[in-house]
Amino acid sequence: MNAPLKQHLIDPEICIRCNTCEETCPEDAITHDNNNYVVDATKCNLCMDCIQPCPTGSIDNWRIVRSPYSLDEQYSWGELPKQGELTGGDDGEAIDSEVLALLDQAHTGVGGKSVPPASAAKPAVNLYQRNHAAVATVTGNFRLTHQDSDVDVHHVILDFGEVAFSVLEGQSIGIVPPGVDEEGKPHRVRLYSIASPRHGERPNTNNLALTVKREPNGLCSNYISDLKKGDQVNVTGPFGATFLMPNDPSANIIMICTGTGSAPFRGFTEWRRRSMPSAPGRMLLFFGARRPQDLPYFGPLQNVPESLLGKRFAYSRIPSEEKVYVQDLIRQEGASLVALLCSTATHIYVCGLKGMEQGVDAALDDICRTANLRWRELRDAMRTEGRYHVETY
Ligand code: A2P
């Protein structure tokens, strides 16, 4: 009889078919048909490279099996089979201990598994899917960047009326662009971070805000940027169960972002400002943009008191000034950041351009080295404790 083995699977109920996992997998083990994204057990070496980029967490599923599920079986699924339906085995008790040991080892790859902060509220996930989307009405669409700016970023407010659509700061929603592609297939769903707090853009209203940058050839970003008041939009989600803010008022929250990566941090800041304005925990924002006029929420951010939110802006394209990136500011603030990093109440969130991820990591490594701290070890411990979160694109 075959020894039990750990098989990597994708949850078809949560997967939004965004293709990120297939693009990421170095072994070409992930593939898809019209129905599902699936993992080929003969190719997957459990390297975990696909885990972090998946926007929904649907990728993070594991079953212990005697014989791996075939691709055809996976293509046919509407939902994942439950663990315990072990294929080919009848020695239940022996398997149980092996199963537990194998499941314990499920997340040993590079980067490790991201978990939510210990004090985060429990999120609702995947309440609405493409074929059962929530319909929201646009109640506002405002340009956020200066009229002279080439960067066209919009603040779009979606109202859900009577539809129950509960979200937490840091979660994302899917927007279903109308129409079909050149092959006649519906356009794929695009994900956007929620930019408002859990109880609504306006307190106690059933609405939320998005921060969307118009991309020159972006089908969905142009659709959203052009939405008018009263338009109806099909929404899926919410998604995301780890990039959540701690509810603990004494938590220090260090937020590092570029451009529209600021969206979740607006939600974090607003929730703290409205629900616990005297929280003892520090909030500190490092925000990179080309110039002040290209920085979303530049005006409103000036009105947020420093006592609630420390703001550090990095500008890369001010004429006759040197390019500054967020990682340069992290180095400048080294001493005070190291003091925060020494506290187990400190959480770090990075959101925005993928290129920033490595630069920020190197800057944190540098400031820790100066203080005789080992950043890699600290980062891994913080990640395991739900205190280190990265969402880049
Ligand atoms: P740059 O002027 O070099 O492109 P965008 O407006 O394109 O969304 O970018 C937001 C900001 O992020 C810009 O200031 C951009 O600088 C900056 N940026 C680009 N690459 C990186 C990187 N690798 N690390 C940090 N910031 C970056």
# chains A, B, ... in the order shown; residues from 1 in each chain; ligands from 1
call {"tool": "residues_around", "arguments": {"residues": "Ala345 of chain A", "least_positions_apart": "3", "cutoff": "12 Å", "atoms": "only C-alpha atoms", "output": "PyMOL selection string"}}
result
chain A and resi 117-119+246-254+280-283+339-342+348+382+385-388
call {"tool": "select_by_dssp", "arguments": {"residues": "segment 104-163 of chain A", "states": "strand (DSSP E)", "output": "list in words"}}
result
Ala134, Val135, Ala136, Thr137, Val138, Thr139, Gly140, Asn141, Phe142, Arg143, Val153, His154, His155, Val156, Ile157, Leu158 and Asp159 of chain A
call {"tool": "residues_near_ligand", "arguments": {"ligand": "ligand 1", "cutoff": "6 Å", "atoms": "only C-alpha atoms and all ligand atoms", "output": "ChimeraX atom specification"}}
result
/A:258-259,288-290,315-317,325-326,355-356,359
call {"tool": "closest_residue", "arguments": {"among": "A:Ala279, A:Lys229, A:Ser172, A:Ala124", "to": "Ser307 of chain A", "atoms": "only C-alpha atoms"}}
result
A:Ala279
call {"tool": "atom_distance", "arguments": {"atom1": "atom CA of Phe268 of chain A", "atom2": "atom CA of Asp152 of chain A"}}
result
23.2 Å
call {"tool": "closest_residue", "arguments": {"among": "A:Val115, A:Cys50, A:Leu5, A:Ile59", "to": "Tyr37 of chain A", "atoms": "only C-alpha atoms"}}
result
A:Ile59
call {"tool": "closest_residue", "arguments": {"among": "A:Thr269, A:Gln7, A:Ser262, A:Gln358", "to": "Asn61 of chain A", "atoms": "only C-alpha atoms"}}
result
A:Gln7
call {"tool": "residues_around", "arguments": {"residues": "Cys44 of chain A", "least_positions_apart": "4", "cutoff": "7 Å", "atoms": "only C-alpha atoms", "output": "list in words"}}
result
Glu27, Ala29, Val39 and Asp40 of chain A
call {"tool": "closest_residue", "arguments": {"among": "A:Cys21, A:Leu127, A:Val233, A:Ala195", "to": "Asp60 of chain A", "atoms": "only C-alpha atoms"}}
result
A:Cys21
call {"tool": "atom_distance", "arguments": {"atom1": "atom CA of Asn234 of chain A", "atom2": "atom CA of Val38 of chain A"}}
result
26.0 Å
call {"tool": "residues_around", "arguments": {"residues": "Pro264 of chain A", "least_positions_apart": "5", "cutoff": "7 Å", "atoms": "only C-alpha atoms", "output": "list in words"}}
result
Glu169, Gly170, Ser193, Ile194 and Ala195 of chain A
call {"tool": "closest_residue", "arguments": {"among": "A:Glu23, A:Glu215, A:Asp294, A:Asp226", "to": "Ser149 of chain A", "atoms": "only C-alpha atoms"}}
result
A:Asp294
call {"tool": "atom_distance", "arguments": {"atom1": "atom CA of Val125 of chain A", "atom2": "atom CA of Pro238 of chain A"}}
result
5.2 Å
